[in-house]
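Heads up, the thing below is written out as structure tokens.
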Amino acid sequence: MCVLLKSHWLRRIISPSLSHSGILAIFGWRMLTSVQLKTDLYIDGAWVKGEKTLPVHNPANNQVIAEVQLAGDKECEAAVTAAHNAFPSWAKTAPRVRAEILRKAFELMVAESDQIAKIISMENGKVLSDAKGEVAYAAEFFRWFSEEAVRTPGDFRAAPSGDKRILVTHQPIGVSLLITPWNFPAAMATRKIGPAIAAGCTMILKPASETPLTALWIVDILERAGVPKGVVNLILPSKTGEQISKMLHDPRVRNLSFTGSTEVGRTLLKESADHVLRTSMELGGNAPFVVLEDADIEEAVKGAMIAKMRNGGAACTAANRFIVAKKIANEFTTKFAKAMSDLKVAPGLEDGAQLGASVSIKERNKIAELVDSSVKAGGTLTIGGQVPTGEGAFYPATVIEVNKENPILNHEVFGPVAPVVTFETDQEAIALANATEYGLISYVYSQDLKRAIRTAEAIESGMVAINRGVISDPAAPFGGVKQSGLDR
Ligand code: NAP
């Protein structure tokens with residue numbers, strides 16, 4: 001079945017009458033190009049059906065936008081076999097060829113960025129400006145790794161004994177299982193696929209079940225860019241835990257790259273131990289945003305808005321706890337709350353929308369529960385905190401002043417909620433920042449660079465942004481310490 005839509009009709013895709021298990025064809029910007037949005041699984045270079053289908057919802061109105069195929073055991077097994085069979089020749093393919101495929105994928109992604117951004121916004125709920133930012137960031141992983149593919153370093157050195165030489169070379173590891181979350185459905189996929197293609201690995205991508213359409217589009221781009229059959233496969237398991245476990249126990253799978261919650265990451269690490277798989281784990285965060293008393297408050301508020309509200313707060317890098325010097329807390333909180341309350345809350349595709357829906361009602365309700373329990377524990381709402389009436393998984397921008405025992409400080413909120421806690425000394429700020437099992441990223445604001453660096457170095461996190469609200473860059477290593485993950 002095929003439904004044709006003109007670009008300015010795109011929003012009709014949310015009509016339940018258009019939900020189906022076939023192919024949605026979306027005509028591109030100004031009708032210059034046409035690209036089909038796939039809903040089938042991609043295995044061994046073919047688009048195939050699975051054992052049943054899964055509806056994908058638009059969280060802004062809870063309507064079904066498409067039905068995608070779910071893989072049974074047979075399709076999961078076929079994906080591993082395809083990746084395994086494709087590996088020997090792909091590993092030997094010239095780096096220049098792999099680089100050019102990635103470069104082509106980058107160019108296609110940029111050319112189709114408007115359509116991809118709309119799909120992200122529809123299935124994830126984020127506003128179009130965030131979705132466009134994500135597509136640009138995601139495409140950059142293809143460009144960066146197309147450039148890296150031809151620069152695999154090695155090492156040649158004399159042994160200390162002087163009688164021999166040591167030659168170090170890098171080899172592709174083999175079949176890689178890539179599992180991604182719903183919050184950045186494009187960027188988390190390209191961040192894994194780009195380096196795997198560059199290195200000569202073959203792979204099985206498993207996107208989050210809430211947001212598979214973006215990943216399907218990206219795999220379609222890779223096919224059009226010339227990725228040989230079997231190198232990239234995409235499955236959506238019908239029984240995620242059971243089928244992924246089986247794959248992790250298949251000796252042909254050699255590598256797991258997972259981005260998602262710490263809870264699921266722990267389970268997958270245990271599963272990976274049985275076959276001593278190489279793992280890259282990008283897990284949860286609970287980022288402190290520390291504003292020292294000599295910070296430029298206007299700049300800190302601007303940075304806080306970016307660090308908190310990019311992606312509606314649903315980012316592992318999102319500022320999750322605002323730790324503010326007592327002397328300036330009142331001014332900071334007043335200005336920050338004003339900027340938060342000025343945001344236009346609306347469906348992601350609506351003009352001027354600045355805060356969209358959460359990915360689902362279930363995720364929205366989790367946010368609401370955290371805020372309600374924080375208030376019960378003594379937190380004071382400055383703004384927000386009420387679930388809006390009406391359809392869609394919306395939650396308002398919320399600022400809540402809490403003391404350092406408040407339970408919200410121990411949870412990754414993953415929504416537009418900013419708890420503010422105050423401190424007297426820099427040592428106390430550092431202790432508060434480190435009072436968490438997580439250690440992905442932190443933010444420090446101070447006009448004294450020496451003081452900022454001293455504080456940054458004392459905070460236990462894989463990355464620190466000083467006087468900045470955003471840190472991610474495809475060219476920079478990315479990752480956490482403590483329970484925020486392993487590897488970069
Ligand atoms: P999640 O629930 O852990 O799910 C992530 C992925 O794991 C999804 O594809 C999910 O599939 C899959 N999954 C769930 N249970 C599984 C199991 N038992 N075995 C194998 N796979 C399983 O996380 P999420 O809610 O999608 O994403 C939010 C989390 O991701 C947050 O904690 C956030 O901090 C983290 N994150 C971290 C980074 C980073 O770089 N550190 C970046 C982005 C997000 P289904 O959808 O089928 O359940």
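Naming scheme: A, B, ... for chains in displayed order of the structure tokens; residues 1 onward per chain; ligands 1 onward as shown.
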
*Write out as a PyMOL selection string all residues of region 342-425 of chain A that backbone DSSP assigns to alpha helix (DSSP H).*
chain A and resi 361-376

Put those residues in a file: N, CA and C atoms, as a CSV table (one decimal), in the first residue's frame.
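Output file result.csv is given in full below:
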```csv
chain,number,residue,atom,x,y,z
A,361,ILE,N,2.7,9.4,26.6
A,361,ILE,CA,2.0,9.7,27.9
A,361,ILE,C,2.7,9.1,29.0
A,362,LYS,N,3.2,7.8,28.8
A,362,LYS,CA,3.9,7.1,29.9
A,362,LYS,C,5.1,7.9,30.4
A,363,GLU,N,5.9,8.4,29.4
A,363,GLU,CA,7.1,9.2,29.8
A,363,GLU,C,6.7,10.5,30.5
A,364,ARG,N,5.6,11.2,29.9
A,364,ARG,CA,5.1,12.4,30.5
A,364,ARG,C,4.7,12.2,32.0
A,365,ASN,N,4.0,11.0,32.2
A,365,ASN,CA,3.5,10.8,33.6
A,365,ASN,C,4.6,10.5,34.5
A,366,LYS,N,5.7,9.9,34.0
A,366,LYS,CA,6.9,9.7,34.9
A,366,LYS,C,7.4,11.1,35.4
A,367,ILE,N,7.5,12.0,34.5
A,367,ILE,CA,8.0,13.4,34.8
A,367,ILE,C,7.0,14.0,35.9
A,368,ALA,N,5.7,13.9,35.6
A,368,ALA,CA,4.8,14.5,36.6
A,368,ALA,C,4.9,13.8,38.0
A,369,GLU,N,5.1,12.5,38.0
A,369,GLU,CA,5.2,11.8,39.3
A,369,GLU,C,6.5,12.3,40.1
A,370,LEU,N,7.6,12.5,39.3
A,370,LEU,CA,8.8,13.0,40.0
A,370,LEU,C,8.6,14.4,40.6
A,371,VAL,N,7.9,15.2,39.9
A,371,VAL,CA,7.6,16.6,40.4
A,371,VAL,C,6.7,16.5,41.6
A,372,ASP,N,5.6,15.7,41.5
A,372,ASP,CA,4.7,15.6,42.6
A,372,ASP,C,5.4,15.1,43.8
A,373,SER,N,6.3,14.1,43.7
A,373,SER,CA,6.9,13.6,44.9
A,373,SER,C,7.9,14.6,45.4
A,374,SER,N,8.5,15.4,44.5
A,374,SER,CA,9.4,16.5,45.0
A,374,SER,C,8.7,17.5,45.8
A,375,VAL,N,7.5,17.9,45.3
A,375,VAL,CA,6.6,18.9,46.1
A,375,VAL,C,6.3,18.3,47.4
A,376,LYS,N,5.9,17.0,47.4
A,376,LYS,CA,5.5,16.4,48.7
A,376,LYS,C,6.7,16.4,49.7
```

_Just the number, please: distance in Å from CA of Glu428 (chain A) to CA of Gly479 (chain A), one decimal._
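These atoms are spaced 25.3 Å apart.
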
*When distances are computed from only C-alpha atoms, which of A:Thr382, A:Ser280, A:Asn85, A:Ser146 shows the smallest separation from Lys335 (chain A)?*
A:Thr382

*Rank nothing, just name the residue among A:Gly260, A:Leu108, A:Val399, A:Asp426 nearest to Leu381 (chain A), using only C-alpha atoms.*
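Looking at the shortest contact to Leu381 (chain A), the residue is A:Val399.
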
*asked:* Quick one: residues within 12 Å of Ala318 (chain A), only C-alpha atoms, excluding same-chain residues fewer than 2 positions away - as a VMD selection string?
replied: chain A and resid 183 284 to 289 303 to 316 320 to 322 412 to 418 440 to 443 465 469 to 472

_Would you pick out the contacts of Ala186 (chain A) at 7 Å or less, using only C-alpha atoms, so that residues sharing its chain but fewer than 2 positions from it are not included, and give the list as a list in words?_
Glu134, Val135, Ala138, Phe184, Met188, Ala189, Thr190, Thr214 and Ala215 of chain A

*One-decimal distance in Å that lies between atom 21 (N, counted along the ligand's line) of ligand 1 and CA of Tyr42 (chain A)*: 18.3 Å

*Can you pull out every residue within 9 Å of Met247 (chain A), counting only C-alpha atoms, but drop anything in the same chain fewer than 3 positions away, and send it as a list in words?*
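These residues fall inside the cut-off: Cys76, Glu77, Val80, Leu177, Glu242, Gln243, Ile244, Asp250, Pro251, Arg252 and Val253 of chain A.
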
Neighbouring residues of Val420 (chain A) were defined as those with any atom within 9 Å, considering only C-alpha atoms; residues of the same chain fewer than 3 positions away were excluded. Please report them as an mmCIF file with N, CA, C and O atoms, in the first residue's frame.
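Writing the result to part_26.cif gives the following:
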```cif
data_model
loop_
_atom_site.group_PDB
_atom_site.id
_atom_site.type_symbol
_atom_site.label_atom_id
_atom_site.label_comp_id
_atom_site.auth_asym_id
_atom_site.auth_seq_id
_atom_site.Cartn_x
_atom_site.Cartn_y
_atom_site.Cartn_z
ATOM 1 N N ARG A 321 20.172 19.201 37.565
ATOM 2 C CA ARG A 321 20.160 19.795 38.913
ATOM 3 C C ARG A 321 20.864 21.147 38.826
ATOM 4 O O ARG A 321 22.022 21.201 38.389
ATOM 5 N N PHE A 322 20.189 22.209 39.214
ATOM 6 C CA PHE A 322 20.790 23.545 39.184
ATOM 7 C C PHE A 322 21.314 23.850 40.585
ATOM 8 O O PHE A 322 20.538 23.976 41.532
ATOM 9 N N ILE A 323 22.627 23.930 40.675
ATOM 10 C CA ILE A 323 23.297 24.100 41.972
ATOM 11 C C ILE A 323 23.851 25.523 41.960
ATOM 12 O O ILE A 323 24.818 25.819 41.242
ATOM 13 N N VAL A 324 23.187 26.412 42.730
ATOM 14 C CA VAL A 324 23.414 27.847 42.549
ATOM 15 C C VAL A 324 23.871 28.478 43.866
ATOM 16 O O VAL A 324 23.290 28.214 44.937
ATOM 17 N N ALA A 329 21.243 33.254 44.036
ATOM 18 C CA ALA A 329 20.201 32.283 43.678
ATOM 19 C C ALA A 329 18.883 32.969 43.319
ATOM 20 O O ALA A 329 18.199 32.576 42.360
ATOM 21 N N THR A 333 17.319 32.465 39.702
ATOM 22 C CA THR A 333 16.073 31.677 39.600
ATOM 23 C C THR A 333 14.950 32.524 38.995
ATOM 24 O O THR A 333 14.164 32.040 38.174
ATOM 25 N N VAL A 399 10.055 25.029 37.176
ATOM 26 C CA VAL A 399 11.217 25.311 38.035
ATOM 27 C C VAL A 399 10.770 25.046 39.468
ATOM 28 O O VAL A 399 9.694 25.482 39.890
ATOM 29 N N ILE A 400 11.578 24.282 40.188
ATOM 30 C CA ILE A 400 11.205 23.914 41.549
ATOM 31 C C ILE A 400 12.403 24.107 42.475
ATOM 32 O O ILE A 400 13.496 23.621 42.186
ATOM 33 N N GLU A 401 12.188 24.862 43.545
ATOM 34 C CA GLU A 401 13.286 25.105 44.503
ATOM 35 C C GLU A 401 13.244 24.028 45.570
ATOM 36 O O GLU A 401 12.179 23.769 46.157
ATOM 37 N N VAL A 402 14.390 23.390 45.774
ATOM 38 C CA VAL A 402 14.424 22.231 46.677
ATOM 39 C C VAL A 402 15.602 22.332 47.636
ATOM 40 O O VAL A 402 16.548 23.089 47.406
ATOM 41 N N ASN A 403 15.529 21.533 48.728
ATOM 42 C CA ASN A 403 16.723 21.436 49.571
ATOM 43 C C ASN A 403 17.525 20.217 49.139
ATOM 44 O O ASN A 403 17.081 19.426 48.310
#
```

*DSSP says strand (DSSP E or B) for which residues of region 96-199 of chain A? Put them as a PyMOL selection string?*
chain A and resi 155-158+165-168+175-179

*May I ask which of the residues A:Gly200, A:Pro153, A:Gly174, A:Pro88 is the closest one to Asn255 (chain A), counting only C-alpha atoms?*
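Once distances to Asn255 (chain A) are computed over only C-alpha atoms, the minimum belongs to A:Gly174.
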
*asked:* Excluding Ser209 (chain A) and its own-chain neighbours fewer than 5 positions away, which residues fall within 12 Å of it when counting only C-alpha atoms? Please give them as a VMD selection string.
replied: chain A and resid 53 to 57 67 to 71 123 to 124 179 to 183 185 214 to 216 235 to 240 359 to 360

_Could you tell me how far CA of Leu283 (chain A) sits from CA of Ala66 (chain A), in Å to one decimal place?_
28.7 Å

*Given the choices A:Lys270, A:His84, A:Lys450, A:Arg224, which gets closest to ligand 1 if the distance is worked out from only C-alpha atoms and all ligand atoms?*
A:Lys270

_Restricting the calculation to only C-alpha atoms and all ligand atoms: of A:Ala149, A:Ile218, A:Val481, A:Ile297, which residue gets closest to ligand 1?_
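Of A:Ala149, A:Ile218, A:Val481, A:Ile297, the one nearest ligand 1, counting only C-alpha atoms and all ligand atoms, is A:Val481.
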
*asked:* Let me make sure I understand: among A:Trp47, A:Phe106, A:Tyr445, A:Phe423, which one has the smallest atom-to-atom distance to Asp220 (chain A) if we use only C-alpha atoms?
replied: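 Ranking A:Trp47, A:Phe106, A:Tyr445, A:Phe423 by distance to Asp220 (chain A), first place goes to A:Trp47.
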